[in-house]
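Student: Got a structure for you, written out below as structure tokens; questions coming shortly.
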Amino acid sequence: MGRRARDAAGLVTLAAALALAACSGGSGSEGGQGSGQGKGKGGPGGPGGGPTTVGYVVVQPTAVETVSELPGRTVAYESSQVRPQITGVIQKRFFTEGALVRRGQPLYQIDPSIYRAAANQARANVANAQATFAAAKIRADRYKPLAEMEAISAQDYTDAVAQQRQAAAQIGVNTAQLDSARVNLRFTTVPAPITGRIGRSLFTVGALVSATQADPLATIQQLDPMFVDIQQSSANLLGLRRALAAGGAAPARAEVTLKLEDGTDYGIKGTVEFAEVVVDPSTGTVTLRARFPNPQGLLLPGMFVRAAFAQAIQKNAFLVPQVAISRDAKGNATLFVVGANGKAEQRSIKADRTQGQYWVVTDGLKGGEHVITQGLANLRPGAAIRAVPANAPQPVKAPSPEQMEKMGGTKGKAG
């Protein structure tokens with residue numbers, strides 16, 4: 001190999017080595033954000049002890065939604081059991097299982113023979129009582145002038161008036177019995193109490209049913225819209241209410257998104273309707289109920305889902321990249337900021353939750369501070385640093401003539 005070829009190869013090797021040294025100074029193990037963070041010449045561990053190059057982001061206070069993701073179960077918007085209110089044998093069934101039925105639509109026909117006969121008898125009793133009343137009234141009216149003329153005794157007139165009143169009362173009794181018989185006759189047709197999807201029929205034609213039986217004939221559920229009952233711990237709800245009362249947060253419009261059992265998004269947003277006023281003593285949770293449109297019938301009662309929604313808006317919070325924050329042995333959150341005189345300053349902060357790729361910091365930072373996110377490996381409080389914006393490219397200098405000559409001499413000896 002000629003001398004020129006060896007010199008060219010040496011230059012390429014030297015440039016690659018310098019580039020590798022410049023890039024390896026960053027925190028390459030922190031989320032892949034170490035690119036562009038080299039240690040300056042003579043950085044810590046180097047012969048000169050120069051400042052470490054770090055990358056920073058400028059943080060500003062903002063309003064951050066307090067998003068909660070909680071488990072829940074779907075519940076039918078309306079659910080009603082179809083039950084008989086009389087005793088009898090089912091003669092007909094008028095619906096198809098699983099079909100949509102309308103409120104008031106006939107579902108079953110119970111044998112009406114006995115109840116029709118009872119209604120006819122009650123109607124005849126009313127007519128009989130009316131006839132008796134008419135005769136008693138005529139008799140009382142006839143006795144009245146006779147009693148005034150003392151043609152009959154006063155007692156006879158009193159008895160006639162009493163019989164008239166008894167006949168009138170009997171009309172009322174028989175009329176009430178007729179109304180009851182008509183109601184029972186109407187109950188021989190079992191209607192749908194609500195509009196919705198009807199399930200399977202638990203009784204067939206020919207089955208004897210009664211008003212006191214344990215099982216319903218069928219169940220109807222309204223599936224559009226649907227409710228989702230969400231369980232939230234009472235401790236979290238208490239903390240949220242305290243934050244709202246202290247003014248550190250503002251209520252947010254409770255818009256809810258769902259993840260289904262297979263992990264996919266439901267795609268249609270719902271709203272929180274209300275929260276229970278009691279805590280379940282067995283679970284320590286409060287039930288929140290959300291309402292969702294269900295036009296395609298994708299949600300079915302009893303499904304397990306996860307609901308995410310913003311319960312409040314945290315005021316004056318900071319969104320800090322997760323890579324910038326670490327935890328000490330006690331679990332307290334800390335980070336480094338660019339301090340005065342170009343030195344690293346370690347800061348204790350309050351960061352209780354994450355949002356996406358950020359920690360939500362509610363205490364320990366001020367607007368406009370430079371939070372170090374790159375070059376954190378082996379960084380110590382008070383260490384001298386050279387701060388550059390995060391992910392800023394670090395130039396690689398060309399080798400000096402002395403380095404080129406030295407590299408060439410080394411290659412010559414090796415040749």
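Residue numbers start at 1 in each chain; chains themselves are named A, B, ... in the order of the structure tokens; ligands are numbered from 1 in the order shown.
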Can you list, as a PyMOL selection string, every protein, DNA or RNA residue that comes within 12 Å of Gly172 of chain A when you count only C-alpha atoms, leaving out same-chain residues fewer than 3 positions away?
Tutor: chain A and resi 122-123+125-130+133+165-169+175-179
Student: Per residue of segment 190-211 of chain A within 6 Å of segment 95-116 of chain A, record the nearest atom pair and its distance in Å to one decimal, counting only C-alpha atoms, with rows in chain order and ascending residue number, as a Markdown table.
Tutor:
```
| residue | atom | partner | partner_atom | distance |
| --- | --- | --- | --- | --- |
| A:Val190 | CA | A:Tyr108 | CA | 5.1 |
| A:Pro191 | CA | A:Pro106 | CA | 4.2 |
| A:Ala192 | CA | A:Gly104 | CA | 5.0 |
| A:Pro193 | CA | A:Arg103 | CA | 5.4 |
| A:Ile194 | CA | A:Arg103 | CA | 4.4 |
| A:Thr195 | CA | A:Arg102 | CA | 4.3 |
| A:Gly196 | CA | A:Leu100 | CA | 5.5 |
| A:Arg197 | CA | A:Leu100 | CA | 4.5 |
| A:Ile198 | CA | A:Gly98 | CA | 5.1 |
| A:Gly199 | CA | A:Gly98 | CA | 5.1 |
| A:Arg200 | CA | A:Glu97 | CA | 5.1 |
```
Student: Please produce an output containing all heavy atoms for each residue in the selection, written as a short mmCIF file (atom, residue, chain, number, x, y, z; two decimals), in the first residue's frame.
Tutor:
```cif
data_model
loop_
_atom_site.label_atom_id
_atom_site.label_comp_id
_atom_site.auth_asym_id
_atom_site.auth_seq_id
_atom_site.Cartn_x
_atom_site.Cartn_y
_atom_site.Cartn_z
N VAL A 190 -100.01 -10.34 28.07
CA VAL A 190 -98.83 -9.79 28.75
C VAL A 190 -98.09 -8.89 27.77
O VAL A 190 -97.55 -9.36 26.77
CB VAL A 190 -97.91 -10.93 29.24
CG1 VAL A 190 -96.71 -10.35 29.98
CG2 VAL A 190 -98.68 -11.90 30.12
N PRO A 191 -98.03 -7.55 28.03
CA PRO A 191 -97.38 -6.64 27.09
C PRO A 191 -95.91 -6.40 27.46
O PRO A 191 -95.45 -6.75 28.56
CB PRO A 191 -98.19 -5.35 27.26
CG PRO A 191 -98.57 -5.38 28.71
CD PRO A 191 -98.73 -6.83 29.09
N ALA A 192 -95.16 -5.78 26.55
CA ALA A 192 -93.78 -5.38 26.81
C ALA A 192 -93.78 -4.12 27.66
O ALA A 192 -94.37 -3.11 27.28
CB ALA A 192 -93.04 -5.14 25.50
N PRO A 193 -93.12 -4.13 28.82
CA PRO A 193 -93.12 -2.93 29.69
C PRO A 193 -92.25 -1.80 29.16
O PRO A 193 -92.49 -0.64 29.46
CB PRO A 193 -92.60 -3.46 31.03
CG PRO A 193 -91.81 -4.68 30.68
CD PRO A 193 -92.45 -5.28 29.47
N ILE A 194 -91.20 -2.12 28.39
CA ILE A 194 -90.32 -1.10 27.82
C ILE A 194 -89.97 -1.50 26.40
O ILE A 194 -90.25 -2.63 25.96
CB ILE A 194 -89.01 -0.95 28.64
CG1 ILE A 194 -88.22 -2.26 28.64
CG2 ILE A 194 -89.30 -0.49 30.06
CD1 ILE A 194 -86.84 -2.14 29.27
N THR A 195 -89.33 -0.57 25.70
CA THR A 195 -88.82 -0.86 24.35
C THR A 195 -87.38 -1.33 24.46
O THR A 195 -86.56 -0.72 25.17
CB THR A 195 -88.88 0.40 23.47
OG1 THR A 195 -90.25 0.80 23.34
CG2 THR A 195 -88.30 0.14 22.09
N GLY A 196 -87.04 -2.42 23.79
CA GLY A 196 -85.67 -2.93 23.84
C GLY A 196 -85.57 -4.31 23.23
O GLY A 196 -86.51 -4.81 22.59
N ARG A 197 -84.40 -4.92 23.43
CA ARG A 197 -84.15 -6.28 22.95
C ARG A 197 -84.64 -7.29 23.99
O ARG A 197 -84.29 -7.19 25.16
CB ARG A 197 -82.66 -6.51 22.69
CG ARG A 197 -82.11 -5.69 21.54
CD ARG A 197 -82.43 -6.33 20.21
NE ARG A 197 -81.99 -5.50 19.10
CZ ARG A 197 -82.17 -5.80 17.84
NH1 ARG A 197 -82.81 -6.91 17.52
NH2 ARG A 197 -81.75 -5.00 16.89
N ILE A 198 -85.44 -8.23 23.52
CA ILE A 198 -85.95 -9.25 24.43
C ILE A 198 -85.09 -10.49 24.33
O ILE A 198 -84.63 -10.88 23.25
CB ILE A 198 -87.43 -9.56 24.12
CG1 ILE A 198 -88.03 -10.43 25.22
CG2 ILE A 198 -87.59 -10.22 22.75
CD1 ILE A 198 -89.54 -10.52 25.16
N GLY A 199 -84.82 -11.09 25.47
CA GLY A 199 -84.00 -12.29 25.50
C GLY A 199 -84.82 -13.55 25.25
O GLY A 199 -85.92 -13.50 24.69
N ARG A 200 -84.27 -14.66 25.67
CA ARG A 200 -84.96 -15.94 25.44
C ARG A 200 -86.16 -16.06 26.36
O ARG A 200 -86.19 -15.51 27.46
CB ARG A 200 -84.00 -17.10 25.66
CG ARG A 200 -83.45 -17.20 27.05
CD ARG A 200 -82.31 -18.22 27.12
NE ARG A 200 -81.74 -18.30 28.46
CZ ARG A 200 -82.13 -19.17 29.38
NH1 ARG A 200 -83.11 -20.02 29.11
NH2 ARG A 200 -81.57 -19.19 30.58
#
```
Student: Taking only C-alpha atoms into account, which of A:Glu150, A:Glu369, A:Glu65, A:Asp265 comes nearest Gly356 of chain A?
Tutor: A:Glu65
Student: Based on DSSP run over this structure's backbone, return all residues of segment 133-267 of chain A in strand (DSSP E or B), as an MDAnalysis selection string.
Tutor: chainID A and resid 189:191 196:198 208:209 218:233 249:251 255:259 265
Student: Write the residues of the preceding selection, restricted to C-alpha atoms, as a PDB file, in the first residue's frame.
Tutor:
```pdb
ATOM      1  CA  THR A 189    -102.389 -10.439  27.494  1.00  0.00           C
ATOM      2  CA  VAL A 190     -98.832  -9.793  28.753  1.00  0.00           C
ATOM      3  CA  PRO A 191     -97.377  -6.636  27.094  1.00  0.00           C
ATOM      4  CA  GLY A 196     -85.673  -2.931  23.838  1.00  0.00           C
ATOM      5  CA  ARG A 197     -84.154  -6.281  22.945  1.00  0.00           C
ATOM      6  CA  ILE A 198     -85.952  -9.246  24.431  1.00  0.00           C
ATOM      7  CA  LEU A 208     -98.666 -22.809  33.868  1.00  0.00           C
ATOM      8  CA  VAL A 209     -97.545 -19.417  35.199  1.00  0.00           C
ATOM      9  CA  ALA A 218     -88.390 -13.094  29.680  1.00  0.00           C
ATOM     10  CA  THR A 219     -86.144 -10.037  30.105  1.00  0.00           C
ATOM     11  CA  ILE A 220     -86.066  -6.893  27.969  1.00  0.00           C
ATOM     12  CA  GLN A 221     -83.034  -4.589  27.894  1.00  0.00           C
ATOM     13  CA  GLN A 222     -82.579  -1.250  26.189  1.00  0.00           C
ATOM     14  CA  LEU A 223     -79.062  -1.217  24.716  1.00  0.00           C
ATOM     15  CA  ASP A 224     -78.925   2.200  23.062  1.00  0.00           C
ATOM     16  CA  PRO A 225     -77.719   4.181  24.901  1.00  0.00           C
ATOM     17  CA  MET A 226     -75.704   2.158  27.419  1.00  0.00           C
ATOM     18  CA  PHE A 227     -74.431   2.883  30.921  1.00  0.00           C
ATOM     19  CA  VAL A 228     -70.889   2.139  32.106  1.00  0.00           C
ATOM     20  CA  ASP A 229     -70.427   1.880  35.875  1.00  0.00           C
ATOM     21  CA  ILE A 230     -66.890   2.998  36.737  1.00  0.00           C
ATOM     22  CA  GLN A 231     -65.241   2.184  40.058  1.00  0.00           C
ATOM     23  CA  GLN A 232     -63.000   4.852  41.639  1.00  0.00           C
ATOM     24  CA  SER A 233     -61.333   4.555  45.027  1.00  0.00           C
ATOM     25  CA  ALA A 249     -57.498  22.397  40.071  1.00  0.00           C
ATOM     26  CA  ALA A 250     -60.587  23.250  38.085  1.00  0.00           C
ATOM     27  CA  PRO A 251     -63.416  20.873  37.144  1.00  0.00           C
ATOM     28  CA  GLU A 255     -65.895  13.256  28.544  1.00  0.00           C
ATOM     29  CA  VAL A 256     -65.131   9.547  28.676  1.00  0.00           C
ATOM     30  CA  THR A 257     -63.381   7.209  26.238  1.00  0.00           C
ATOM     31  CA  LEU A 258     -63.546   3.412  26.423  1.00  0.00           C
ATOM     32  CA  LYS A 259     -61.191   0.527  25.798  1.00  0.00           C
ATOM     33  CA  ASP A 265     -60.856   1.704  21.448  1.00  0.00           C
TER      34      ASP A 265
END
```
Student: Find the residue from A:Leu146, A:Ala117, A:Pro216, A:Val54 that sits nearest to Pro84 of chain A; use only C-alpha atoms when measuring.
Tutor: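 Once distances to Pro84 of chain A are computed over only C-alpha atoms, the minimum belongs to A:Pro216.
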Student: Return the single residue from A:Val360, A:Leu217, A:Ala131, A:Val337 that is closest to Ile313 of chain A, with distances computed using only C-alpha atoms.
Tutor: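 Closest to Ile313 of chain A of all the choices is A:Val360.
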Student: What is the atom CA of Gln314 of chain A to atom CA of Thr334 of chain A distance in Å?
Tutor: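 About the pair atom CA of Gln314 of chain A and atom CA of Thr334 of chain A: they are 20.5 Å apart.
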Student: Suppose you want the space between atom CA of Val57 of chain A and atom CA of Asp328 of chain A; what is it in Å?
Tutor: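 Going from atom CA of Val57 of chain A over to atom CA of Asp328 of chain A, I get 22.1 Å.
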Student: Determine which residues of segment 57-232 of chain A DSSP labels as alpha helix (DSSP H) from the backbone of this structure, then write them out as JSON, numbers by chain.
Tutor: {"A": [113, 114, 115, 116, 117, 118, 119, 120, 121, 122, 123, 124, 125, 126, 127, 128, 129, 130, 131, 132, 133, 134, 135, 136, 137, 138, 139, 140, 141, 142, 143, 144, 145, 146, 147, 148, 154, 155, 156, 157, 158, 159, 160, 161, 162, 163, 164, 165, 166, 167, 168, 169, 170, 171, 172, 173, 174, 175, 176, 177, 178, 179, 180, 181, 182, 183, 184, 185, 186]}
Student: Can you spit out the residues from that selection as an mmCIF file, in the first residue's frame, using C-alpha atoms?
Tutor:
```cif
data_model
loop_
_atom_site.group_PDB
_atom_site.id
_atom_site.type_symbol
_atom_site.label_atom_id
_atom_site.label_comp_id
_atom_site.auth_asym_id
_atom_site.auth_seq_id
_atom_site.Cartn_x
_atom_site.Cartn_y
_atom_site.Cartn_z
ATOM 1 C CA SER A 113 -111.640 -18.178 29.858
ATOM 2 C CA ILE A 114 -111.877 -18.020 33.642
ATOM 3 C CA TYR A 115 -111.265 -14.260 33.765
ATOM 4 C CA ARG A 116 -113.776 -13.527 31.014
ATOM 5 C CA ALA A 117 -116.409 -15.495 32.943
ATOM 6 C CA ALA A 118 -115.558 -13.602 36.130
ATOM 7 C CA ALA A 119 -115.951 -10.292 34.301
ATOM 8 C CA ASN A 120 -119.345 -11.339 32.918
ATOM 9 C CA GLN A 121 -120.527 -12.369 36.373
ATOM 10 C CA ALA A 122 -119.387 -9.068 37.871
ATOM 11 C CA ARG A 123 -121.199 -7.183 35.117
ATOM 12 C CA ALA A 124 -124.437 -9.110 35.904
ATOM 13 C CA ASN A 125 -124.057 -8.359 39.615
ATOM 14 C CA VAL A 126 -123.836 -4.656 38.819
ATOM 15 C CA ALA A 127 -127.052 -4.840 36.781
ATOM 16 C CA ASN A 128 -128.798 -6.683 39.601
ATOM 17 C CA ALA A 129 -127.709 -4.106 42.156
ATOM 18 C CA GLN A 130 -128.905 -1.285 39.909
ATOM 19 C CA ALA A 131 -132.349 -2.916 39.616
ATOM 20 C CA THR A 132 -132.580 -3.381 43.384
ATOM 21 C CA PHE A 133 -131.629 0.227 43.904
ATOM 22 C CA ALA A 134 -134.294 1.435 41.482
ATOM 23 C CA ALA A 135 -137.024 -0.513 43.329
ATOM 24 C CA ALA A 136 -135.802 0.699 46.710
ATOM 25 C CA LYS A 137 -135.754 4.282 45.533
ATOM 26 C CA ILE A 138 -139.345 4.116 44.211
ATOM 27 C CA ARG A 139 -140.502 2.587 47.484
ATOM 28 C CA ALA A 140 -138.781 5.251 49.547
ATOM 29 C CA ASP A 141 -140.211 8.030 47.395
ATOM 30 C CA ARG A 142 -143.717 6.542 47.732
ATOM 31 C CA TYR A 143 -143.449 6.237 51.522
ATOM 32 C CA LYS A 144 -142.323 9.787 52.052
ATOM 33 C CA PRO A 145 -145.749 11.581 51.596
ATOM 34 C CA LEU A 146 -147.524 8.771 53.417
ATOM 35 C CA ALA A 147 -145.236 9.185 56.390
ATOM 36 C CA GLU A 148 -145.886 12.942 56.368
ATOM 37 C CA ALA A 154 -142.302 6.629 60.545
ATOM 38 C CA GLN A 155 -140.368 3.404 61.041
ATOM 39 C CA ASP A 156 -141.603 1.990 57.749
ATOM 40 C CA TYR A 157 -140.376 5.091 55.926
ATOM 41 C CA THR A 158 -137.015 4.912 57.689
ATOM 42 C CA ASP A 159 -136.580 1.265 56.658
ATOM 43 C CA ALA A 160 -137.401 2.120 53.039
ATOM 44 C CA VAL A 161 -134.767 4.875 52.955
ATOM 45 C CA ALA A 162 -132.183 2.521 54.491
ATOM 46 C CA GLN A 163 -132.874 -0.130 51.864
ATOM 47 C CA GLN A 164 -132.373 2.476 49.133
ATOM 48 C CA ARG A 165 -128.979 3.427 50.539
ATOM 49 C CA GLN A 166 -127.939 -0.217 50.900
ATOM 50 C CA ALA A 167 -128.872 -0.821 47.262
ATOM 51 C CA ALA A 168 -126.759 2.189 46.201
ATOM 52 C CA ALA A 169 -123.788 0.870 48.215
ATOM 53 C CA GLN A 170 -124.168 -2.544 46.645
ATOM 54 C CA ILE A 171 -123.893 -0.952 43.206
ATOM 55 C CA GLY A 172 -120.520 0.477 44.262
ATOM 56 C CA VAL A 173 -119.316 -2.901 45.543
ATOM 57 C CA ASN A 174 -120.333 -4.736 42.401
ATOM 58 C CA THR A 175 -118.863 -2.019 40.180
ATOM 59 C CA ALA A 176 -115.500 -2.368 41.938
ATOM 60 C CA GLN A 177 -115.627 -6.139 41.449
ATOM 61 C CA LEU A 178 -116.363 -5.574 37.777
ATOM 62 C CA ASP A 179 -113.333 -3.264 37.469
ATOM 63 C CA SER A 180 -111.121 -5.882 39.138
ATOM 64 C CA ALA A 181 -112.417 -8.591 36.815
ATOM 65 C CA ARG A 182 -111.731 -6.400 33.784
ATOM 66 C CA VAL A 183 -108.174 -5.737 34.992
ATOM 67 C CA ASN A 184 -107.533 -9.471 35.408
ATOM 68 C CA LEU A 185 -108.976 -10.083 31.970
ATOM 69 C CA ARG A 186 -106.615 -7.458 30.525
#
```
Student: Env of Asn341 of chain A: 10 Å cut, atoms = only C-alpha atoms, seq-sep filter 6 positions within chain, self excluded. Answer as an MDAnalysis selection string.
Tutor: chainID A and resid 382 384:385
